[in-house]
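Shown next: model26.tsv, given as TSV, C-alpha atoms (C1' of nucleotides) and all ligand atoms.
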```tsv
chain	number	residue	atom	x	y	z
A	1	MET	CA	0.00	0.00	0.00
A	2	SER	CA	1.45	3.31	-1.08
A	3	THR	CA	0.37	6.44	0.72
A	4	PHE	CA	0.01	9.83	-0.96
A	5	GLN	CA	3.26	10.88	0.65
A	6	ASP	CA	5.22	7.89	-0.65
A	7	ASN	CA	3.80	8.41	-4.09
A	8	PHE	CA	4.78	12.07	-3.98
A	9	ILE	CA	8.36	11.29	-2.99
A	10	ASN	CA	8.60	8.65	-5.68
A	11	ILE	CA	7.51	11.00	-8.42
A	12	LEU	CA	10.01	13.62	-7.32
A	13	LYS	CA	12.86	11.09	-7.16
A	14	THR	CA	11.94	9.53	-10.48
A	15	ASN	CA	12.26	12.96	-12.04
A	16	GLY	CA	15.50	13.83	-10.25
A	17	LEU	CA	13.89	16.56	-8.18
A	18	SER	CA	14.81	17.36	-4.59
A	19	ILE	CA	12.40	17.14	-1.71
A	20	THR	CA	12.37	20.65	-0.34
A	21	ARG	CA	10.44	22.23	2.50
A	22	GLN	CA	8.61	24.39	-0.05
A	23	ARG	CA	7.53	21.51	-2.27
A	24	GLN	CA	6.42	19.45	0.69
A	25	LEU	CA	4.32	22.27	2.11
A	26	LEU	CA	2.52	22.94	-1.16
A	27	PHE	CA	1.83	19.25	-1.59
A	28	ASP	CA	0.42	19.06	1.93
A	29	LEU	CA	-1.94	21.95	1.23
A	30	LEU	CA	-3.26	20.23	-1.87
A	31	GLN	CA	-3.83	16.93	-0.10
A	32	ASP	CA	-6.80	17.76	2.05
A	33	GLN	CA	-8.42	20.67	0.30
A	34	ASP	CA	-10.69	21.42	-2.60
A	35	PRO	CA	-8.98	22.71	-5.72
A	36	LEU	CA	-6.97	25.87	-4.97
A	37	SER	CA	-6.21	28.88	-7.13
A	38	MET	CA	-2.71	30.32	-7.37
A	39	ASN	CA	-3.92	33.19	-5.22
A	40	GLU	CA	-5.30	30.89	-2.58
A	41	LEU	CA	-2.03	28.96	-2.56
A	42	THR	CA	0.14	32.05	-2.20
A	43	GLU	CA	-2.08	33.34	0.57
A	44	LEU	CA	-2.05	30.03	2.42
A	45	VAL	CA	1.73	29.82	2.42
A	46	GLY	CA	2.02	33.46	3.47
A	47	THR	CA	5.62	34.59	3.73
A	48	THR	CA	7.00	31.09	4.13
A	49	ILE	CA	7.36	30.65	0.37
A	50	ASP	CA	8.05	33.38	-2.13
A	51	ARG	CA	5.39	33.99	-4.75
A	52	ALA	CA	7.78	33.25	-7.61
A	53	SER	CA	8.67	29.91	-6.07
A	54	VAL	CA	5.02	28.96	-5.69
A	55	TYR	CA	4.55	29.50	-9.41
A	56	ARG	CA	7.70	27.57	-10.27
A	57	ILE	CA	6.86	24.67	-7.99
A	58	ILE	CA	3.32	24.32	-9.27
A	59	ALA	CA	4.72	24.38	-12.81
A	60	THR	CA	7.05	21.47	-12.06
A	61	PHE	CA	4.21	19.67	-10.25
A	62	GLU	CA	2.21	19.94	-13.45
A	63	GLU	CA	5.07	18.78	-15.64
A	64	THR	CA	5.70	15.73	-13.50
A	65	GLY	CA	2.02	14.90	-13.19
A	66	ILE	CA	1.67	15.54	-9.47
A	67	VAL	CA	-1.12	18.04	-10.00
A	68	ARG	CA	-3.45	19.03	-12.79
A	69	ARG	CA	-5.28	22.23	-13.54
A	70	ILE	CA	-9.01	22.32	-13.69
A	71	SER	CA	-11.19	25.07	-15.05
A	72	ILE	CA	-13.44	26.89	-12.59
A	73	GLY	CA	-15.19	30.05	-13.65
A	74	TRP	CA	-12.78	31.28	-16.32
A	75	LYS	CA	-9.73	30.74	-14.22
A	76	PHE	CA	-7.89	27.60	-13.31
A	77	LYS	CA	-7.38	25.90	-10.00
A	78	ILE	CA	-4.91	23.24	-8.99
A	79	GLU	CA	-5.68	19.84	-7.54
A	80	LEU	CA	-3.93	16.48	-7.14
A	81	SER	CA	-3.68	14.57	-10.40
A	82	GLU	CA	-4.99	11.14	-11.37
A	83	ALA	CA	-1.83	9.70	-9.81
A	84	PHE	CA	-3.53	10.41	-6.46
A	85	VAL	CA	-7.25	10.85	-7.03
A	86	ALA	CA	-9.52	9.28	-9.66
A	87	HIS	CA	-10.28	11.40	-12.69
A	88	HIS	CA	-13.36	13.56	-12.19
A	89	HIS	CA	-15.03	16.86	-12.98
A	90	HIS	CA	-16.74	19.57	-10.94
A	91	LEU	CA	-20.04	21.17	-10.22
A	92	THR	CA	-19.68	24.58	-8.59
A	93	CYS	CA	-22.19	26.82	-6.85
A	94	LEU	CA	-22.26	30.38	-8.20
A	95	SER	CA	-23.37	31.65	-4.82
A	96	CYS	CA	-21.44	29.83	-2.09
A	97	GLN	CA	-18.59	28.42	-4.22
A	98	LEU	CA	-19.35	24.88	-3.08
A	99	VAL	CA	-17.46	22.39	-5.22
A	100	VAL	CA	-18.91	18.93	-5.83
A	101	PRO	CA	-16.93	16.27	-7.71
A	102	ILE	CA	-18.56	14.44	-10.61
A	103	ASN	CA	-17.50	10.87	-11.21
A	104	GLN	CA	-19.45	9.44	-14.13
A	105	GLU	CA	-18.06	6.76	-16.37
A	106	LYS	CA	-20.90	7.38	-18.79
A	107	LEU	CA	-19.75	10.98	-19.17
A	108	GLU	CA	-16.19	9.91	-19.85
A	109	SER	CA	-17.16	7.44	-22.56
A	110	PHE	CA	-19.46	9.98	-24.14
A	111	ILE	CA	-16.61	12.46	-24.33
A	112	SER	CA	-14.27	10.04	-26.08
A	113	GLU	CA	-17.07	9.08	-28.43
A	114	LEU	CA	-17.38	12.74	-29.40
A	115	ALA	CA	-13.66	12.89	-30.14
A	116	ASP	CA	-13.91	9.75	-32.27
A	117	ILE	CA	-16.80	11.06	-34.32
A	118	ASN	CA	-14.68	14.05	-35.26
A	119	ASN	CA	-11.54	12.00	-35.92
A	120	PHE	CA	-9.72	13.56	-33.02
A	121	GLN	CA	-7.24	11.73	-30.85
A	122	PRO	CA	-8.41	12.87	-27.40
A	123	ILE	CA	-5.72	14.00	-24.97
A	124	GLN	CA	-7.64	15.83	-22.30
A	125	HIS	CA	-11.01	17.36	-21.62
A	126	GLN	CA	-12.75	19.65	-19.17
A	127	VAL	CA	-16.36	19.55	-18.07
A	128	GLU	CA	-17.66	22.17	-15.72
A	129	ILE	CA	-21.17	22.86	-14.54
A	130	GLN	CA	-22.10	26.04	-12.68
A	131	GLY	CA	-25.37	26.67	-10.93
A	132	TYR	CA	-26.96	26.94	-7.51
A	133	CYS	CA	-26.65	24.25	-4.89
A	134	GLN	CA	-29.67	23.03	-2.94
A	135	ARG	CA	-28.96	25.23	0.06
A	136	CYS	CA	-28.48	28.39	-2.02
A	137	GLN	CA	-31.65	27.71	-4.00
A	138	ALA	CA	-33.55	27.51	-0.71
A	139	ASN	CA	-32.02	30.75	0.58
A	140	ARG	CA	-33.05	32.52	-2.62
A	141	ASN	CA	-36.67	31.55	-2.12
A	142	ILE	CA	-36.67	32.96	1.38
A	143	ALA	CA	-35.04	36.27	0.46
B	1	MET	CA	-35.42	36.67	-42.40
B	2	SER	CA	-33.11	38.59	-40.12
B	3	THR	CA	-29.43	38.70	-40.94
B	4	PHE	CA	-26.67	38.76	-38.35
B	5	GLN	CA	-26.22	42.46	-38.99
B	6	ASP	CA	-29.89	43.28	-38.48
B	7	ASN	CA	-29.97	41.26	-35.34
B	8	PHE	CA	-26.88	43.06	-34.05
B	9	ILE	CA	-28.41	46.48	-34.71
B	10	ASN	CA	-31.64	45.46	-33.05
B	11	ILE	CA	-29.94	44.32	-29.89
B	12	LEU	CA	-28.00	47.57	-29.66
B	13	LYS	CA	-31.11	49.69	-30.24
B	14	THR	CA	-33.19	47.68	-27.81
B	15	ASN	CA	-30.61	48.41	-25.15
B	16	GLY	CA	-30.30	52.10	-26.03
B	17	LEU	CA	-26.73	51.71	-27.27
B	18	SER	CA	-25.25	53.59	-30.21
B	19	ILE	CA	-23.90	51.97	-33.30
B	20	THR	CA	-20.31	53.10	-33.38
B	21	ARG	CA	-17.48	52.33	-35.77
B	22	GLN	CA	-15.71	50.48	-32.95
B	23	ARG	CA	-18.66	48.28	-32.04
B	24	GLN	CA	-19.36	47.47	-35.66
B	25	LEU	CA	-15.75	46.50	-36.33
B	26	LEU	CA	-15.53	44.16	-33.35
B	27	PHE	CA	-18.81	42.56	-34.30
B	28	ASP	CA	-17.55	42.03	-37.86
B	29	LEU	CA	-14.42	40.33	-36.59
B	30	LEU	CA	-16.49	37.94	-34.51
B	31	GLN	CA	-18.85	37.10	-37.34
B	32	ASP	CA	-16.58	35.10	-39.58
B	33	GLN	CA	-13.95	33.83	-37.21
B	34	ASP	CA	-13.42	31.15	-34.65
B	35	PRO	CA	-13.62	32.24	-31.03
B	36	LEU	CA	-11.11	35.02	-30.30
B	37	SER	CA	-9.23	35.87	-27.13
B	38	MET	CA	-9.04	39.43	-25.85
B	39	ASN	CA	-5.44	39.50	-27.02
B	40	GLU	CA	-6.36	38.33	-30.49
B	41	LEU	CA	-9.08	40.97	-30.65
B	42	THR	CA	-6.84	43.82	-29.57
B	43	GLU	CA	-4.18	42.70	-32.03
B	44	LEU	CA	-6.66	42.40	-34.89
B	45	VAL	CA	-7.98	45.92	-34.39
B	46	GLY	CA	-4.46	47.30	-34.04
B	47	THR	CA	-4.43	51.02	-33.35
B	48	THR	CA	-7.92	51.59	-34.71
B	49	ILE	CA	-9.53	50.90	-31.34
B	50	ASP	CA	-7.99	51.59	-27.96
B	51	ARG	CA	-7.42	48.59	-25.72
B	52	ALA	CA	-9.63	50.00	-22.96
B	53	SER	CA	-12.46	50.42	-25.45
B	54	VAL	CA	-12.10	46.85	-26.69
B	55	TYR	CA	-12.56	45.64	-23.12
B	56	ARG	CA	-15.51	47.94	-22.51
B	57	ILE	CA	-17.22	47.02	-25.75
B	58	ILE	CA	-16.84	43.29	-25.22
B	59	ALA	CA	-18.21	43.77	-21.70
B	60	THR	CA	-21.35	45.45	-23.03
B	61	PHE	CA	-21.59	42.79	-25.75
B	62	GLU	CA	-21.65	40.19	-23.00
B	63	GLU	CA	-24.19	42.09	-20.93
B	64	THR	CA	-26.56	42.49	-23.85
B	65	GLY	CA	-26.11	38.90	-24.97
B	66	ILE	CA	-24.37	39.61	-28.25
B	67	VAL	CA	-21.40	37.44	-27.34
B	68	ARG	CA	-20.57	34.79	-24.78
B	69	ARG	CA	-17.32	33.57	-23.30
B	70	ILE	CA	-16.15	30.05	-23.77
B	71	SER	CA	-13.30	28.27	-22.09
B	72	ILE	CA	-10.39	27.25	-24.29
B	73	GLY	CA	-7.13	26.12	-22.79
B	74	TRP	CA	-7.47	27.76	-19.36
B	75	LYS	CA	-8.39	31.15	-20.70
B	76	PHE	CA	-11.59	32.43	-22.19
B	77	LYS	CA	-12.38	33.36	-25.72
B	78	ILE	CA	-15.28	35.33	-27.13
B	79	GLU	CA	-17.74	34.19	-29.75
B	80	LEU	CA	-21.20	35.15	-30.97
B	81	SER	CA	-23.91	34.14	-28.53
B	82	GLU	CA	-26.91	31.86	-28.94
B	83	ALA	CA	-28.74	34.87	-30.38
B	84	PHE	CA	-26.69	34.27	-33.54
B	85	VAL	CA	-25.38	30.72	-33.41
B	86	ALA	CA	-26.84	27.62	-31.78
B	87	HIS	CA	-25.41	26.60	-28.42
B	88	HIS	CA	-22.42	24.34	-28.85
B	89	HIS	CA	-19.06	23.32	-27.46
B	90	HIS	CA	-15.59	22.92	-28.93
B	91	LEU	CA	-12.97	20.40	-29.83
B	92	THR	CA	-9.54	21.99	-30.29
B	93	CYS	CA	-6.33	20.65	-31.80
B	94	LEU	CA	-3.32	21.00	-29.51
B	95	SER	CA	-1.03	21.20	-32.52
B	96	CYS	CA	-2.68	23.39	-35.17
B	97	GLN	CA	-5.31	25.10	-32.97
B	98	LEU	CA	-8.10	23.92	-35.26
B	99	VAL	CA	-11.47	24.50	-33.59
B	100	VAL	CA	-14.39	22.19	-34.34
B	101	PRO	CA	-17.85	22.88	-32.96
B	102	ILE	CA	-19.73	20.16	-31.12
B	103	ASN	CA	-23.48	20.17	-31.39
B	104	GLN	CA	-24.95	17.24	-29.49
B	105	GLU	CA	-28.33	17.30	-27.87
B	106	LYS	CA	-27.47	14.11	-26.03
B	107	LEU	CA	-24.55	15.90	-24.38
B	108	GLU	CA	-26.74	18.77	-23.29
B	109	SER	CA	-29.35	16.55	-21.69
B	110	PHE	CA	-26.66	14.51	-20.00
B	111	ILE	CA	-25.22	17.66	-18.47
B	112	SER	CA	-28.53	18.79	-17.00
B	113	GLU	CA	-29.12	15.28	-15.72
B	114	LEU	CA	-25.84	15.52	-13.82
B	115	ALA	CA	-26.93	18.78	-12.25
B	116	ASP	CA	-30.24	17.23	-11.23
B	117	ILE	CA	-28.62	14.22	-9.62
B	118	ASN	CA	-26.65	16.59	-7.39
B	119	ASN	CA	-29.62	18.85	-6.67
B	120	PHE	CA	-28.08	21.75	-8.51
B	121	GLN	CA	-30.03	24.28	-10.51
B	122	PRO	CA	-27.86	24.44	-13.65
B	123	ILE	CA	-27.07	27.92	-15.00
B	124	GLN	CA	-24.23	27.33	-17.40
B	125	HIS	CA	-21.68	24.74	-18.35
B	126	GLN	CA	-18.50	24.33	-20.33
B	127	VAL	CA	-17.34	21.26	-22.18
B	128	GLU	CA	-14.00	21.29	-23.89
B	129	ILE	CA	-12.04	18.52	-25.57
B	130	GLN	CA	-8.41	18.89	-26.58
B	131	GLY	CA	-6.46	16.47	-28.72
B	132	TYR	CA	-4.98	16.05	-32.18
B	133	CYS	CA	-6.99	16.48	-35.35
B	134	GLN	CA	-6.80	13.96	-38.17
B	135	ARG	CA	-4.27	15.97	-40.17
B	136	CYS	CA	-1.96	16.52	-37.19
B	137	GLN	CA	-2.09	12.85	-36.25
B	138	ALA	CA	-0.99	11.98	-39.78
B	139	ASN	CA	1.88	14.48	-39.71
B	140	ARG	CA	3.12	13.01	-36.44
B	141	ASN	CA	3.38	9.55	-37.96
B	142	ILE	CA	5.50	10.88	-40.82
B	143	ALA	CA	7.90	12.89	-38.66
C	1	DT	C1'	30.28	13.49	8.85
C	2	DT	C1'	31.88	16.75	5.86
C	3	DA	C1'	32.92	18.94	1.48
C	4	DA	C1'	31.73	19.54	-3.33
C	5	DT	C1'	28.22	20.43	-6.76
C	6	DA	C1'	24.11	21.05	-8.69
C	7	DA	C1'	19.46	22.30	-7.98
C	8	DT	C1'	16.32	25.43	-5.84
C	9	DT	C1'	14.86	29.47	-3.79
C	10	DG	C1'	14.30	34.54	-2.56
C	11	DC	C1'	14.63	38.96	-4.07
C	12	DA	C1'	14.10	42.79	-7.09
C	13	DA	C1'	12.98	44.21	-11.44
C	14	DT	C1'	10.07	43.59	-15.35
C	15	DT	C1'	6.28	42.38	-18.29
C	16	DA	C1'	1.48	41.37	-19.21
C	17	DC	C1'	-3.28	41.99	-18.40
C	18	DG	C1'	-7.09	44.47	-17.09
C	19	DT	C1'	-9.33	48.72	-14.97
C	20	DC	C1'	-10.43	53.60	-14.07
C	21	DG	C1'	-11.11	58.79	-14.24
C	22	DC	C1'	-11.46	62.42	-17.10
C	23	DA	C1'	-11.18	65.31	-21.24
C	24	DT	C1'	-12.49	64.97	-26.05
C	25	DT	C1'	-15.06	63.08	-29.70
C	26	DT	C1'	-19.04	61.00	-31.77
C	27	DA	C1'	-23.80	59.41	-32.40
C	28	DT	C1'	-28.49	60.45	-31.86
C	29	DC	C1'	-32.56	63.28	-31.52
C	30	DT	C1'	-34.96	67.40	-32.36
D	1	DA	C1'	-27.48	72.08	-38.09
D	2	DG	C1'	-27.26	72.33	-32.94
D	3	DA	C1'	-27.97	70.37	-28.40
D	4	DT	C1'	-27.31	66.50	-25.46
D	5	DA	C1'	-25.92	62.26	-23.84
D	6	DA	C1'	-23.10	58.42	-24.73
D	7	DA	C1'	-18.78	56.41	-26.08
D	8	DT	C1'	-13.98	56.62	-26.90
D	9	DG	C1'	-8.92	57.64	-26.28
D	10	DC	C1'	-5.48	58.61	-23.33
D	11	DG	C1'	-2.75	58.17	-19.35
D	12	DA	C1'	-2.25	56.36	-14.94
D	13	DC	C1'	-2.89	52.68	-11.99
D	14	DG	C1'	-3.31	47.91	-9.73
D	15	DT	C1'	-2.60	43.14	-9.72
D	16	DA	C1'	-0.91	38.72	-11.69
D	17	DA	C1'	2.78	36.37	-13.49
D	18	DT	C1'	7.66	35.90	-15.24
D	19	DT	C1'	12.67	36.47	-15.26
D	20	DG	C1'	17.87	36.98	-14.11
D	21	DC	C1'	20.88	36.45	-10.69
D	22	DA	C1'	22.99	35.86	-6.20
D	23	DA	C1'	22.38	33.26	-1.97
D	24	DT	C1'	20.74	29.10	0.02
D	25	DT	C1'	19.76	24.28	0.39
D	26	DA	C1'	19.52	19.34	-0.85
D	27	DT	C1'	22.05	15.54	-2.58
D	28	DT	C1'	26.06	12.65	-3.53
D	29	DA	C1'	30.23	10.84	-2.77
D	30	DA	C1'	34.55	11.12	-0.26
E	201	MN	MN	-11.64	17.70	-7.60
E	202	MN	MN	-18.02	28.16	-31.53
E	203	ZN	ZN	-24.35	27.21	-2.90
E	204	ZN	ZN	-4.45	19.88	-35.78
```
With the file now loaded, output its structure as structure tokens.
Amino acid sequence: MSTFQDNFINILKTNGLSITRQRQLLFDLLQDQDPLSMNELTELVGTTIDRASVYRIIATFEETGIVRRISIGWKFKIELSEAFVAHHHHLTCLSCQLVVPINQEKLESFISELADINNFQPIQHQVEIQGYCQRCQANRNIA
Amino acid sequence: MSTFQDNFINILKTNGLSITRQRQLLFDLLQDQDPLSMNELTELVGTTIDRASVYRIIATFEETGIVRRISIGWKFKIELSEAFVAHHHHLTCLSCQLVVPINQEKLESFISELADINNFQPIQHQVEIQGYCQRCQANRNIA
DNA sequence: TTAATAATTGCAATTACGTCGCATTTATCT
DNA sequence: AGATAAATGCGACGTAATTGCAATTATTAA
């Protein structure tokens, strides 16, 4: 059984990258949370990691497949990649920013079917649904 | 039968907006082309429209429903709205940037089904597939 | 355990993107 | 054509992201 942490270390070593305090901290932040924007990441690390380093580390995380970017409301956020968490998409609430993961095999196969029909070799795809969650719908009716 | 141009004029008039050289030019650019980024738009208009005006005009185009934003490769692009062209999504080639529209009712109903399942009131959604088009796949095999 | 070396980071400067206030120009209405 | 309100251009500004380089830190091998 390989924990997230072991997996993380392995990917770094495989790619000849050092395990630094900065990389470890950013990885830790991404482990338990919802997807985070670059702004949220830089704010969470405060002065303990320079802004430029945050950008550089996330870039190498992307290149080595530790994280992936997902599209949320015209900007991207970062979350752990398929090496850690099963592939999925997101439903987001326009009012309270709640993020709900979507895990639907039927959606995935439909997407690759669409690529096939158009003679495309599919590499990646993004599906994003925005709306109002149950709670926010209820609050709207009251107000 | 109402042409794109008539429709455009009507929307402006309905909203009490003037028909200016700048608005007309931006609309013309969006008529024949694929979706365009803000950068592509400002470059296309060159010095004939100030950058600030391009942003302001596109903002009013969005507010009045003349254009909509779509997500392509982690940034948004602008294209004519459903008032001109039927709702659709896009398949884009990572190599030659070819953009192919996707028009699939089955996809649309599947999306709203997903919102339902999670008790979300759906407002908007983005679906985006990236890969290699037929031509670029062929070129890769040769090289 | 320490020294060498190569990678990584912090810092400061720079670029890119988008916004804003205000004076000038332009479209619209009479 | 002239009056009026709207829209644009210009310059300044704010924030996000990138870069070069010197200082620091992790890794490897003695
Ligand atoms: Mn997720
Ligand atoms: Mn389109
Ligand atoms: Zn909500
Ligand atoms: Zn192609």
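Taking all atoms listed in the file into account, chain D lies nearest to A:Met38 out of the set A:Ile78, A:Leu25, A:Ala86, A:Met38.
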What residues in chain D have any atom no more than 8 Å from chain B when counting all atoms listed in the file, and can you write them as a PDB file with C-alpha atoms (C1' of nucleotides), in the coordinates of the input?
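Printed below is out_36.pdb as written:
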```pdb
ATOM      1  C1'  DA D   6     -23.100  58.420 -24.730  1.00  0.00           C
ATOM      2  C1'  DT D   8     -13.980  56.620 -26.900  1.00  0.00           C
ATOM      3  C1'  DG D   9      -8.920  57.640 -26.280  1.00  0.00           C
TER       4       DG D   9
END
```
List all protein, DNA and RNA residues that have an atom no more than 6 Å from any atom of ligand ZN 203 (chain E), counting all atoms listed in the file, and report them as a PDB file with C-alpha atoms, in the frame of the given file.
```
ATOM      1  CA  CYS A  93     -22.190  26.820  -6.850  1.00  0.00           C
ATOM      2  CA  SER A  95     -23.370  31.650  -4.820  1.00  0.00           C
ATOM      3  CA  CYS A  96     -21.440  29.830  -2.090  1.00  0.00           C
ATOM      4  CA  LEU A  98     -19.350  24.880  -3.080  1.00  0.00           C
ATOM      5  CA  TYR A 132     -26.960  26.940  -7.510  1.00  0.00           C
ATOM      6  CA  CYS A 133     -26.650  24.250  -4.890  1.00  0.00           C
ATOM      7  CA  ARG A 135     -28.960  25.230   0.060  1.00  0.00           C
ATOM      8  CA  CYS A 136     -28.480  28.390  -2.020  1.00  0.00           C
TER       9      CYS A 136
END
```
(request) Can you pull out every residue within 8 Å of region 16-28 of chain D, counting all atoms listed in the file, but drop anything in the same chain fewer than 2 positions away, and send it as a VMD selection string? (result) (chain A and resid 18 to 20) or (chain C and resid 7 to 9 14 to 17)
(message) I'd like the interatomic distance between CA of Thr48 (chain B) and CA of Leu36 (chain B), to a tenth of an Å.
(response) 17.4 Å
(request) Could you list, as JSON, numbers by chain, the residues of chain B having an atom within 9 Å of chain A when counting all atoms listed in the file? (result) {"B": [69, 70, 71, 73, 74, 75, 76, 91, 92, 93, 94, 100, 102, 104, 107, 110, 111, 112, 114, 115, 118, 119, 120, 121, 122, 123, 124, 125, 126, 127, 128, 129, 130, 131, 132, 133, 134, 137]}
Convert the current residue selection to file output with C-alpha atoms, as a CSV table (one decimal), in the frame of the given file.
```csv
chain,number,residue,atom,x,y,z
B,69,ARG,CA,-17.3,33.6,-23.3
B,70,ILE,CA,-16.2,30.0,-23.8
B,71,SER,CA,-13.3,28.3,-22.1
B,73,GLY,CA,-7.1,26.1,-22.8
B,74,TRP,CA,-7.5,27.8,-19.4
B,75,LYS,CA,-8.4,31.2,-20.7
B,76,PHE,CA,-11.6,32.4,-22.2
B,91,LEU,CA,-13.0,20.4,-29.8
B,92,THR,CA,-9.5,22.0,-30.3
B,93,CYS,CA,-6.3,20.6,-31.8
B,94,LEU,CA,-3.3,21.0,-29.5
B,100,VAL,CA,-14.4,22.2,-34.3
B,102,ILE,CA,-19.7,20.2,-31.1
B,104,GLN,CA,-25.0,17.2,-29.5
B,107,LEU,CA,-24.6,15.9,-24.4
B,110,PHE,CA,-26.7,14.5,-20.0
B,111,ILE,CA,-25.2,17.7,-18.5
B,112,SER,CA,-28.5,18.8,-17.0
B,114,LEU,CA,-25.8,15.5,-13.8
B,115,ALA,CA,-26.9,18.8,-12.2
B,118,ASN,CA,-26.6,16.6,-7.4
B,119,ASN,CA,-29.6,18.8,-6.7
B,120,PHE,CA,-28.1,21.8,-8.5
B,121,GLN,CA,-30.0,24.3,-10.5
B,122,PRO,CA,-27.9,24.4,-13.6
B,123,ILE,CA,-27.1,27.9,-15.0
B,124,GLN,CA,-24.2,27.3,-17.4
B,125,HIS,CA,-21.7,24.7,-18.4
B,126,GLN,CA,-18.5,24.3,-20.3
B,127,VAL,CA,-17.3,21.3,-22.2
B,128,GLU,CA,-14.0,21.3,-23.9
B,129,ILE,CA,-12.0,18.5,-25.6
B,130,GLN,CA,-8.4,18.9,-26.6
B,131,GLY,CA,-6.5,16.5,-28.7
B,132,TYR,CA,-5.0,16.0,-32.2
B,133,CYS,CA,-7.0,16.5,-35.4
B,134,GLN,CA,-6.8,14.0,-38.2
B,137,GLN,CA,-2.1,12.8,-36.2
```
(request) Around ligand MN 201 (chain E), at most 8 Å away and counting all atoms listed in the file, which residues are there? Put them as a list in words, please. (result)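 For ligand MN 201 (chain E), the residues inside 8 Å are Asp34, Pro35, Glu79, Leu80, His88, His89, His90, Val99, Val100 and Pro101 of chain A.
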(request) Can you work out the spacing between C1' of DT5 (chain C) and CA of Asn15 (chain A) in Å, to one decimal? (result)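 The value is 18.4 Å.
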(request) Can you pull out every residue within 12 Å of DG21 (chain C), counting all atoms listed in the file, but drop anything in the same chain fewer than 6 positions away, and send it as JSON, numbers by chain? (result) {"D": [10, 11, 12, 13]}
(request) Residues of chain C no more than 9 Å from chain B, counting all atoms listed in the file: send them over as a ChimeraX atom specification. (result) /C:18-19,26-28
